[in-house]
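Remarks on the structure that follows.
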Amino acid sequence: MEPWIIIGYAFLLGAALGSFLNVCIYRWPAEQSVLRPRSRCPGCSQTISWYDNIPILSWVLLRGKCRRCGVPISIQYPTIEFVTGLLWVAAVLRFGVSIEAFHSGIFLTLLLGIALTDAREMVIPDQFSLGGLLVGLAIAAVPGGLPFTRALLGAGLAFAFFWAVKLSAEKILKKPALGIGDIHMMAMVGAFLGTSGAILTMLLGSILGLVVGVPLSWARGQLAVLGTYLPLGTFLALGAAIAHGWADRIVFWYLRMLGVV
């Protein structure tokens with residue numbers, strides 16, 4: 001099969017998953033079903049027909065408006081579909097048609113959902129984190145990718161480590177620290193990247209939170225108490241994506257900087 005056809009299929013699959021991801025991002029934080037009711041217009045509440053719900057294309061053809069009432073439909077919908085499509089293309093370009101590509105595409109899709117949901121609602125739904133944990137372990141059970149024992153160990157150690165961090169921080173600060181959703185998310189990251197990947201994710205996410213998140217929150221007047229309004233899961237998701245793509249290069253650069261290699 002021609003490479004461009006494979007890339008096209010990867011993009012279409014990613015865009016379709018991105019369409020479902022949009023539903024998850026809006027409904028899971030509100031504890032609503034993603035199956036029923038079907039997608040509706042935010043203006044007239046009419047059910048959106050299948051031909052008006054084709055990823056990216058329908059939004060473009062309708063010029064971002066409802067066919068019936070003309071109410072604008074958020075550009076977030078086609079944007080997430082497009083970005084998810086690109087993530088799956090990147091996975092196929094890196095790993096070819098393989099279990100590793102499927103592993104990568106699913107992981108990056110979950111991270112995108114977590115990043116956007118935490119940024120919007122300051123919550124990481126268990127459907128993303130614990131559901132993703134089970135998916136990560138299931139994929140690891142299939143030969144050809146991350147070994148199952150490494151995935152299971154990574155999930156368990158990440159979960160235990162972050163629980164220890166949470167309990168220690170609460171004892172020192174005398175107040176709640178580190179949300180349960182973040183801990184569940186890191187267990188999911190461990191299942192996909194292993195122990196070393198989870199550790200690198202924690203380091204990168206913390207750096208991104210301090211360098212990017214804290215100044216943004218401060219500028220918006222939201223940082224009355226350090227970390228209170230900081231969507232840590234969003235920055236952990238970014239850190240996990242970086243670790244997934246460039247972990248070996250980052251570790252090599254760090255060891256070289258230390259003079260070890």
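Chain labels A, B, ... are given in the sequence in which chains occur in the structure tokens; within each chain residues are numbered consecutively from 1, and ligands are likewise numbered from 1 in the order shown.
Non-sequential neighbours of A:Leu12 (distance at most 12 Å, separation of 5 or more positions within a chain, only C-alpha atoms) are Ile5, Ile6, Ile7, Leu17, Gly18, Ser19, Ile54, Pro55, Ile56, Leu57, Glu81, Phe82, Val83, Thr84, Gly85, Leu86, Leu87, Trp88 and Val89 of chain A.
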DSSP on the backbone: what in stretch 15-163 of chain A comes out alpha helix (DSSP H), as number ranges by chain?
A: 15-27, 57-61, 76-95, 99-121, 126-140, 148-163
A:Gly136, A:Ile124, A:Leu193, A:Leu62: which is nearest A:Gly154, counting only C-alpha atoms?
A:Leu193
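A straight line drawn from atom CA of A:Ile99 to atom CA of A:Met188 is 17.8 Å long.
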For A:Pro29, work out the shell of residues within 10 Å, counting only C-alpha atoms and skipping chain neighbours fewer than 3 positions away, then give it as number ranges by chain.
A: 24-26, 32, 117-118, 120-127
What's around A:Cys66 at 12 Å? Count only C-alpha atoms, leave out sequence neighbours fewer than 4 positions away in its own chain, and write the answer as a ChimeraX atom specification.
/A:39-49,52-53,58-62,70-74
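The coordinates place atom CA of A:Leu21 at 7.9 Å from atom CA of A:Ile80.
Residues within 10 Å of A:Lys166, counting only C-alpha atoms and excluding same-chain residues fewer than 6 positions away, are Ala160, Pro176, Ala177, Leu178, Gly179, Ile180 and Ile183 of chain A.
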Kindly export the residues of the current selection with N, CA and C atoms, as a short mmCIF file (atom, residue, chain, number, x, y, z; two decimals), in the first residue's frame.
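For reference, result38.cif as written:
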data_model
loop_
_atom_site.label_atom_id
_atom_site.label_comp_id
_atom_site.auth_asym_id
_atom_site.auth_seq_id
_atom_site.Cartn_x
_atom_site.Cartn_y
_atom_site.Cartn_z
N ALA A 160 2.28 4.43 43.54
CA ALA A 160 2.78 4.43 44.92
C ALA A 160 3.61 5.67 45.21
N PRO A 176 -4.51 19.99 51.89
CA PRO A 176 -4.54 19.06 50.77
C PRO A 176 -3.51 19.40 49.70
N ALA A 177 -2.89 18.39 49.15
CA ALA A 177 -1.88 18.60 48.11
C ALA A 177 -1.96 17.47 47.09
N LEU A 178 -1.83 17.81 45.84
CA LEU A 178 -1.82 16.86 44.73
C LEU A 178 -3.14 16.08 44.64
N GLY A 179 -3.89 16.35 43.60
CA GLY A 179 -5.19 15.73 43.43
C GLY A 179 -5.11 14.24 43.11
N ILE A 180 -6.17 13.52 43.45
CA ILE A 180 -6.24 12.10 43.16
C ILE A 180 -6.18 11.86 41.65
N ILE A 183 -2.70 11.56 40.45
CA ILE A 183 -2.09 10.28 40.80
C ILE A 183 -2.56 9.18 39.85
#
Non-local contacts of stretch 239-255 of chain A (10 Å; only C-alpha atoms; under 4 positions in same chain excluded) as an mmCIF file with N, CA and C atoms, in the first residue's frame:
data_model
loop_
_atom_site.group_PDB
_atom_site.id
_atom_site.type_symbol
_atom_site.label_atom_id
_atom_site.label_comp_id
_atom_site.auth_asym_id
_atom_site.auth_seq_id
_atom_site.Cartn_x
_atom_site.Cartn_y
_atom_site.Cartn_z
ATOM 1 N N ALA A 91 2.338 9.146 14.766
ATOM 2 C CA ALA A 91 2.593 7.808 15.301
ATOM 3 C C ALA A 91 2.945 6.829 14.190
ATOM 4 N N ARG A 94 6.387 7.523 12.644
ATOM 5 C CA ARG A 94 7.487 7.122 13.530
ATOM 6 C C ARG A 94 7.643 5.608 13.623
ATOM 7 N N SER A 104 1.187 4.399 20.570
ATOM 8 C CA SER A 104 1.508 5.826 20.562
ATOM 9 C C SER A 104 0.273 6.676 20.301
ATOM 10 N N PHE A 107 -2.094 6.675 23.332
ATOM 11 C CA PHE A 107 -1.504 7.416 24.448
ATOM 12 C C PHE A 107 -1.596 8.920 24.224
ATOM 13 N N LEU A 108 -1.218 9.376 23.034
ATOM 14 C CA LEU A 108 -1.248 10.809 22.746
ATOM 15 C C LEU A 108 -2.686 11.347 22.734
ATOM 16 N N LEU A 111 -3.665 11.780 26.340
ATOM 17 C CA LEU A 111 -2.990 12.949 26.903
ATOM 18 C C LEU A 111 -3.652 14.249 26.456
ATOM 19 N N LEU A 112 -4.063 14.309 25.188
ATOM 20 C CA LEU A 112 -4.748 15.499 24.694
ATOM 21 C C LEU A 112 -6.057 15.710 25.445
ATOM 22 N N MET A 186 -0.812 9.575 36.540
ATOM 23 C CA MET A 186 0.577 9.136 36.503
ATOM 24 C C MET A 186 0.684 7.617 36.475
ATOM 25 N N VAL A 189 0.315 6.919 32.892
ATOM 26 C CA VAL A 189 1.561 7.233 32.190
ATOM 27 C C VAL A 189 2.580 6.118 32.404
ATOM 28 N N GLY A 190 2.662 5.600 33.630
ATOM 29 C CA GLY A 190 3.578 4.507 33.919
ATOM 30 C C GLY A 190 3.258 3.274 33.113
ATOM 31 N N PHE A 192 2.038 3.210 30.142
ATOM 32 C CA PHE A 192 2.407 3.438 28.741
ATOM 33 C C PHE A 192 3.911 3.634 28.545
ATOM 34 N N LEU A 193 4.577 4.277 29.522
ATOM 35 C CA LEU A 193 5.982 4.642 29.340
ATOM 36 C C LEU A 193 6.936 3.903 30.264
ATOM 37 N N SER A 196 10.757 4.742 34.147
ATOM 38 C CA SER A 196 11.632 5.855 33.765
ATOM 39 C C SER A 196 10.856 6.943 33.042
ATOM 40 N N GLY A 197 9.904 6.542 32.197
ATOM 41 C CA GLY A 197 9.090 7.526 31.493
ATOM 42 C C GLY A 197 8.209 8.316 32.433
ATOM 43 N N ALA A 198 7.689 7.661 33.471
ATOM 44 C CA ALA A 198 6.850 8.352 34.456
ATOM 45 C C ALA A 198 7.672 9.355 35.248
ATOM 46 N N ILE A 199 8.895 8.979 35.606
ATOM 47 C CA ILE A 199 9.765 9.896 36.354
ATOM 48 C C ILE A 199 10.111 11.110 35.509
ATOM 49 N N LEU A 200 10.462 10.872 34.242
ATOM 50 C CA LEU A 200 10.786 11.988 33.350
ATOM 51 C C LEU A 200 9.564 12.871 33.139
ATOM 52 N N THR A 201 8.387 12.262 33.043
ATOM 53 C CA THR A 201 7.145 13.030 32.913
ATOM 54 C C THR A 201 6.942 13.954 34.109
ATOM 55 N N MET A 202 7.182 13.430 35.300
ATOM 56 C CA MET A 202 7.033 14.237 36.510
ATOM 57 C C MET A 202 7.977 15.434 36.491
ATOM 58 N N LEU A 203 9.228 15.199 36.102
ATOM 59 C CA LEU A 203 10.209 16.285 36.068
ATOM 60 C C LEU A 203 9.832 17.332 35.022
ATOM 61 N N LEU A 204 9.507 16.883 33.816
ATOM 62 C CA LEU A 204 9.165 17.818 32.745
ATOM 63 C C LEU A 204 7.873 18.568 33.057
ATOM 64 N N GLY A 205 6.858 17.845 33.586
ATOM 65 C CA GLY A 205 5.596 18.490 33.925
ATOM 66 C C GLY A 205 5.763 19.545 34.999
ATOM 67 N N SER A 206 6.603 19.248 36.001
ATOM 68 C CA SER A 206 6.849 20.216 37.075
ATOM 69 C C SER A 206 7.550 21.457 36.548
ATOM 70 N N ILE A 207 8.536 21.245 35.665
ATOM 71 C CA ILE A 207 9.252 22.389 35.082
ATOM 72 C C ILE A 207 8.317 23.244 34.242
ATOM 73 N N LEU A 208 7.499 22.595 33.410
ATOM 74 C CA LEU A 208 6.554 23.337 32.574
ATOM 75 C C LEU A 208 5.541 24.092 33.431
ATOM 76 N N GLY A 209 5.083 23.461 34.512
ATOM 77 C CA GLY A 209 4.138 24.124 35.401
ATOM 78 C C GLY A 209 4.725 25.373 36.029
ATOM 79 N N GLY A 233 -2.359 18.600 35.764
ATOM 80 C CA GLY A 233 -2.531 17.531 34.796
ATOM 81 C C GLY A 233 -2.223 17.963 33.373
ATOM 82 N N THR A 234 -2.519 19.218 33.044
ATOM 83 C CA THR A 234 -2.233 19.734 31.704
ATOM 84 C C THR A 234 -0.735 19.724 31.430
ATOM 85 N N PHE A 235 0.040 20.129 32.412
ATOM 86 C CA PHE A 235 1.492 20.191 32.226
ATOM 87 C C PHE A 235 2.135 18.806 32.337
ATOM 88 N N GLY A 259 28.723 14.774 32.114
ATOM 89 C CA GLY A 259 30.019 14.198 31.793
ATOM 90 C C GLY A 259 30.073 12.692 31.964
ATOM 91 N N VAL A 260 28.912 12.078 32.069
ATOM 92 C CA VAL A 260 28.860 10.628 32.250
ATOM 93 C C VAL A 260 29.136 9.911 30.934
ATOM 94 N N VAL A 261 28.667 10.485 29.814
ATOM 95 C CA VAL A 261 28.894 9.892 28.494
ATOM 96 C C VAL A 261 29.582 10.891 27.577
#
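Going from atom CA of A:Ala115 over to atom CA of A:Met185, you cover 10.8 Å.
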